[in-house]
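Presented below is the structure to which this report refers.
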Amino acid sequence: MYRREAPSPEVMQGDTLLIKSGGAAALTEWQHHFARLMPGLRVYGWDDPFVDARNVKYALVYQPDHGRLAHYPRLRLILSAAAGVDHILADPALPTGVPIVRMVTEETRERMSDFVAFAALAIARDIPALITAQRDGRWANDLTGRLAHDTRVSVLGLGELGSAVATRLRANGFQVNGWARTPRLLTGVNVFAGEAQLEALLAETDILVNLLPDTHATRGILGRKLFAQLPAGASLIQVGRGVHLDRQALLDALDSGRLRSAVVDVFDVEPLPPDDALRRHPKILVTPHIASTVSYAARARQVADVLGAHLRGAPLPFVYDAARGY
């Protein structure tokens, strides 16, 4: 795990951090945290008309306007305000050679682990079906669900978040499998590795948790082929990337009974339209991309750590690797 070191505030004097995250309403809170963490750092909002582009060395962003980052000639780091970086990579004019750093904090791990544990327990105890029964006015006391220790949960993706989630699920009593591109050891988790072992993992799954990164190989992976390889009546927890999910394939799998239920937190279009079919489906619990939303305080601490490492010439944590796709 990355070890934090105190940054050197004095060398920050005059450097500018530009922020596009949370809108104008959040800027005061960002500035409050950075005034404490790095008092020499100048912090401005994305749309501040008085910012001198020549002084911008760092940008903390979520869904930056296309072409905008290329306007800062001294830009040294791009920091994602979220764990993923696809919202930055979508910019066709993204400046080359500038490192992009993912937002991964201890709070990110805790929040994602909490959310997936909640979702897995809700699925195991048939909460989606109980919600439907409540809406229909039925006293469904036959929906008792199953015990955690009788439930096999498989986590696709064993990176920082996937490993934390798998460990938490194991602590909650689930039988836990994990899948990664390459072999690895994770205490209490049965790890499958590589394409050759994916089908075997799916066959041993009651609840599938998606925490894969966004790569060419993973886009659309949650589709008809994968759902057909799961045992009938399995469920899905989708907390990876919106582009992973074939929406129609999920709806069809739920309608046919191939899948029993789903918890979906990320979508290809956000906000999800009010009349979207995913919202209306009785077997889907929709949440508004909040599984691992992190406080401004935790994110500011992470940014300060990264800027401190950059100034000391130390290796940067959580840098996006284009070759790996995350």
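The chains in the structure tokens are called A, B, ... from first to last as shown; in each chain the residues are counted from 1, and the ligands are counted from 1 in the order shown.
For segment 248-252 of chain A, the list of residues within 8 Å, based on only C-alpha atoms and with local chain neighbours fewer than 5 positions off taken out, reads Leu222, Gly223, Arg224, Leu278 and His281 of chain A.
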Could you please take those selected residues and save N, CA, C and O atoms as a tab-separated table (two decimals), in the first residue's frame?
```tsv
chain	number	residue	atom	x	y	z
A	222	LEU	N	-20.36	-7.68	-19.67
A	222	LEU	CA	-21.57	-8.13	-18.97
A	222	LEU	C	-22.70	-8.21	-19.99
A	222	LEU	O	-23.58	-7.35	-20.08
A	223	GLY	N	-22.67	-9.29	-20.78
A	223	GLY	CA	-23.63	-9.47	-21.86
A	223	GLY	C	-24.19	-10.87	-21.90
A	223	GLY	O	-24.04	-11.65	-20.95
A	224	ARG	N	-24.81	-11.22	-23.01
A	224	ARG	CA	-25.52	-12.50	-23.12
A	224	ARG	C	-24.61	-13.70	-22.91
A	224	ARG	O	-24.98	-14.67	-22.23
A	278	LEU	N	-34.19	0.48	-16.92
A	278	LEU	CA	-33.50	-0.08	-15.76
A	278	LEU	C	-34.14	0.41	-14.46
A	278	LEU	O	-34.22	-0.34	-13.48
A	281	HIS	N	-37.53	-1.61	-13.82
A	281	HIS	CA	-37.58	-3.06	-13.72
A	281	HIS	C	-37.66	-3.50	-12.25
A	281	HIS	O	-36.86	-3.07	-11.42
```
Self-check item: For Ala262 of chain A: contacts at 7 Å, only C-alpha atoms, fewer than 6 positions along chain excluded, given as a ChimeraX atom specification
Solution: /A:235-237,283-285
Exercise. May I have all residues of segment 40-271 of chain A that DSSP, computed from the backbone, assigns to strand (DSSP E), given as a PyMOL selection string?
Key: chain A and resi 42-45+56-61+77-80+100-101+152-156+175-180+190-193+207-210+234-238+259-264
Quiz prompt | Between atom CA of Tyr320 of chain A and atom CA of Arg76 of chain A, distance in Å (one decimal) | solution = 14.2 Å
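Non-sequential neighbours of Thr132 of chain A (distance at most 12 Å, separation of 2 or more positions within a chain, only C-alpha atoms) are Asp126, Ile127, Pro128, Ala129, Leu130, Gln134, Arg135, Asp136, Gly137, Arg138, Trp139, Ala140, Leu143, Ser261, Arg280, His281, Pro282, Lys283, Ile284 and Leu285 of chain A.
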Exercise. Using only C-alpha atoms, find the one residue out of A:His289, A:Arg247, A:His310, A:Arg324 that sits nearest to Leu77 of chain A.
Key: A:His310
Practice problem: Using only C-alpha atoms, determine which residues lie at most 9 Å from Phe227 of chain A, disregarding the query and same-chain residues fewer than 6 positions distant; provide the list as a PyMOL selection string. | Solution: chain A and resi 202+234+249-250+253+258-259
Quiz item: If you count only C-alpha atoms, which residues fall within 9 Å of segment 302-306 of chain A, apart from same-chain ones fewer than 3 positions away, as a ChimeraX atom specification?
Solution: /A:4-7,34,37-38,60,79,101,103-105,297-299,309-311,316-317
Write the residues of the preceding selection, restricted to all heavy atoms, as a compact mmCIF listing (two decimals), in the first residue's frame.
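Just written: selection13.txt:
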```txt
# COMPACT_ATOMS: atom_id res chain seq x y z
N ARG A 4 2.09 7.42 2.95
CA ARG A 4 2.01 8.88 2.85
C ARG A 4 3.20 9.53 3.51
O ARG A 4 3.65 9.11 4.57
CB ARG A 4 0.72 9.38 3.51
CG ARG A 4 -0.54 8.95 2.77
CD ARG A 4 -1.77 9.32 3.56
NE ARG A 4 -2.98 9.07 2.78
CZ ARG A 4 -4.20 9.07 3.28
NH1 ARG A 4 -4.36 9.30 4.56
NH2 ARG A 4 -5.24 8.85 2.51
N GLU A 5 3.69 10.59 2.89
CA GLU A 5 4.74 11.40 3.48
C GLU A 5 4.28 12.84 3.46
O GLU A 5 3.53 13.26 2.58
CB GLU A 5 6.05 11.25 2.70
CG GLU A 5 6.62 9.85 2.72
CD GLU A 5 7.95 9.80 2.00
OE1 GLU A 5 8.75 10.73 2.19
OE2 GLU A 5 8.18 8.85 1.25
N ALA A 6 4.74 13.60 4.41
CA ALA A 6 4.34 15.00 4.49
C ALA A 6 4.87 15.76 3.28
O ALA A 6 6.06 15.69 2.97
CB ALA A 6 4.85 15.63 5.77
N PRO A 7 4.00 16.52 2.57
CA PRO A 7 4.47 17.31 1.45
C PRO A 7 5.31 18.50 1.93
O PRO A 7 5.38 18.78 3.12
CB PRO A 7 3.16 17.78 0.79
CG PRO A 7 2.15 17.76 1.88
CD PRO A 7 2.54 16.63 2.78
N PHE A 34 -7.32 22.53 1.15
CA PHE A 34 -5.96 22.74 0.64
C PHE A 34 -5.24 23.86 1.39
O PHE A 34 -4.00 23.84 1.48
CB PHE A 34 -6.00 23.02 -0.86
CG PHE A 34 -6.23 21.79 -1.69
CD1 PHE A 34 -7.40 21.64 -2.42
CD2 PHE A 34 -5.29 20.78 -1.71
CE1 PHE A 34 -7.62 20.49 -3.17
CE2 PHE A 34 -5.50 19.63 -2.45
CZ PHE A 34 -6.68 19.48 -3.18
N LEU A 37 -3.74 21.83 4.09
CA LEU A 37 -2.79 20.79 3.68
C LEU A 37 -1.57 21.36 2.96
O LEU A 37 -0.45 20.88 3.15
CB LEU A 37 -3.50 19.78 2.77
CG LEU A 37 -4.59 18.93 3.43
CD1 LEU A 37 -5.42 18.23 2.37
CD2 LEU A 37 -3.95 17.90 4.35
N MET A 38 -1.79 22.34 2.10
CA MET A 38 -0.70 22.91 1.29
C MET A 38 -0.94 24.41 1.16
O MET A 38 -1.41 24.90 0.14
CB MET A 38 -0.66 22.25 -0.10
CG MET A 38 -0.58 20.72 -0.04
SD MET A 38 -0.17 19.95 -1.63
CE MET A 38 1.61 19.88 -1.51
N LEU A 60 -7.35 19.03 -11.11
CA LEU A 60 -8.15 18.01 -10.44
C LEU A 60 -9.52 18.06 -11.07
O LEU A 60 -10.25 19.05 -10.90
CB LEU A 60 -8.23 18.28 -8.94
CG LEU A 60 -9.21 17.45 -8.11
CD1 LEU A 60 -8.85 15.97 -8.16
CD2 LEU A 60 -9.26 17.96 -6.68
N LEU A 79 -5.20 15.03 -12.22
CA LEU A 79 -5.69 14.19 -11.13
C LEU A 79 -7.18 13.95 -11.31
O LEU A 79 -7.96 14.90 -11.42
CB LEU A 79 -5.41 14.86 -9.79
CG LEU A 79 -3.93 15.17 -9.55
CD1 LEU A 79 -3.71 16.67 -9.48
CD2 LEU A 79 -3.42 14.50 -8.29
N VAL A 101 -3.50 10.60 -12.68
CA VAL A 101 -3.51 9.88 -11.42
C VAL A 101 -4.94 9.57 -11.00
O VAL A 101 -5.79 10.47 -10.98
CB VAL A 101 -2.80 10.70 -10.31
CG1 VAL A 101 -2.84 9.95 -8.99
CG2 VAL A 101 -1.36 11.00 -10.71
N MET A 103 -7.99 8.44 -8.43
CA MET A 103 -8.34 8.77 -7.05
C MET A 103 -8.66 7.48 -6.29
O MET A 103 -9.75 6.91 -6.43
CB MET A 103 -9.55 9.71 -7.02
CG MET A 103 -9.97 10.14 -5.62
SD MET A 103 -8.72 11.13 -4.76
CE MET A 103 -8.71 12.64 -5.74
N VAL A 104 -7.70 7.00 -5.53
CA VAL A 104 -7.89 5.81 -4.71
C VAL A 104 -7.43 6.14 -3.29
O VAL A 104 -6.25 6.36 -3.06
CB VAL A 104 -7.10 4.60 -5.25
CG1 VAL A 104 -7.33 3.39 -4.37
CG2 VAL A 104 -7.48 4.29 -6.69
N THR A 105 -8.37 6.20 -2.38
CA THR A 105 -8.07 6.51 -0.98
C THR A 105 -8.53 5.35 -0.10
O THR A 105 -9.26 4.47 -0.54
CB THR A 105 -8.80 7.79 -0.54
OG1 THR A 105 -10.20 7.51 -0.44
CG2 THR A 105 -8.59 8.92 -1.53
N ALA A 297 -12.63 15.95 1.92
CA ALA A 297 -11.46 15.92 2.81
C ALA A 297 -10.51 14.79 2.43
O ALA A 297 -9.29 14.98 2.35
CB ALA A 297 -11.92 15.77 4.27
N ALA A 298 -11.07 13.58 2.18
CA ALA A 298 -10.21 12.44 1.83
C ALA A 298 -9.56 12.64 0.47
O ALA A 298 -8.39 12.30 0.27
CB ALA A 298 -11.04 11.15 1.84
N ARG A 299 -10.30 13.20 -0.47
CA ARG A 299 -9.72 13.43 -1.80
C ARG A 299 -8.65 14.51 -1.77
O ARG A 299 -7.62 14.40 -2.45
CB ARG A 299 -10.83 13.77 -2.80
CG ARG A 299 -11.62 12.55 -3.23
CD ARG A 299 -12.63 12.88 -4.31
NE ARG A 299 -13.85 13.45 -3.75
CZ ARG A 299 -14.88 13.86 -4.47
NH1 ARG A 299 -14.83 13.80 -5.79
NH2 ARG A 299 -15.96 14.35 -3.89
N ALA A 309 4.61 13.95 -3.47
CA ALA A 309 5.48 12.97 -4.12
C ALA A 309 6.07 13.55 -5.41
O ALA A 309 7.26 13.37 -5.71
CB ALA A 309 4.70 11.69 -4.42
N HIS A 310 5.25 14.26 -6.16
CA HIS A 310 5.72 14.87 -7.41
C HIS A 310 6.83 15.88 -7.15
O HIS A 310 7.85 15.90 -7.85
CB HIS A 310 4.54 15.54 -8.12
CG HIS A 310 4.90 16.26 -9.37
ND1 HIS A 310 5.04 17.63 -9.44
CD2 HIS A 310 5.19 15.79 -10.61
CE1 HIS A 310 5.38 17.98 -10.67
NE2 HIS A 310 5.47 16.89 -11.40
N LEU A 311 6.66 16.69 -6.14
CA LEU A 311 7.65 17.72 -5.84
C LEU A 311 8.96 17.13 -5.33
O LEU A 311 10.03 17.69 -5.55
CB LEU A 311 7.07 18.69 -4.81
CG LEU A 311 5.93 19.57 -5.35
CD1 LEU A 311 5.19 20.23 -4.22
CD2 LEU A 311 6.49 20.61 -6.31
N LEU A 316 4.96 8.28 -8.25
CA LEU A 316 3.58 8.69 -8.02
C LEU A 316 2.69 7.46 -7.84
O LEU A 316 2.83 6.48 -8.58
CB LEU A 316 3.06 9.52 -9.19
CG LEU A 316 3.82 10.81 -9.51
CD1 LEU A 316 3.18 11.50 -10.72
CD2 LEU A 316 3.84 11.73 -8.31
N PRO A 317 1.77 7.49 -6.88
CA PRO A 317 0.86 6.37 -6.71
C PRO A 317 -0.31 6.44 -7.69
O PRO A 317 -0.74 7.53 -8.09
CB PRO A 317 0.35 6.56 -5.27
CG PRO A 317 0.37 8.05 -5.08
CD PRO A 317 1.56 8.55 -5.87
```
Quiz item: Within 8 Å of segment 240-245 of chain A, counting only C-alpha atoms, which residues qualify if same-chain residues fewer than 2 places away don't, as number ranges by chain?
Solution: A: 210-214, 218-223, 238, 247, 250, 266-269
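Between Ala323 of chain A and the candidates A:Ser292, A:Thr215, A:Thr287, A:Ser163, the tightest atom-to-atom separation, counting only C-alpha atoms, involves A:Thr215.
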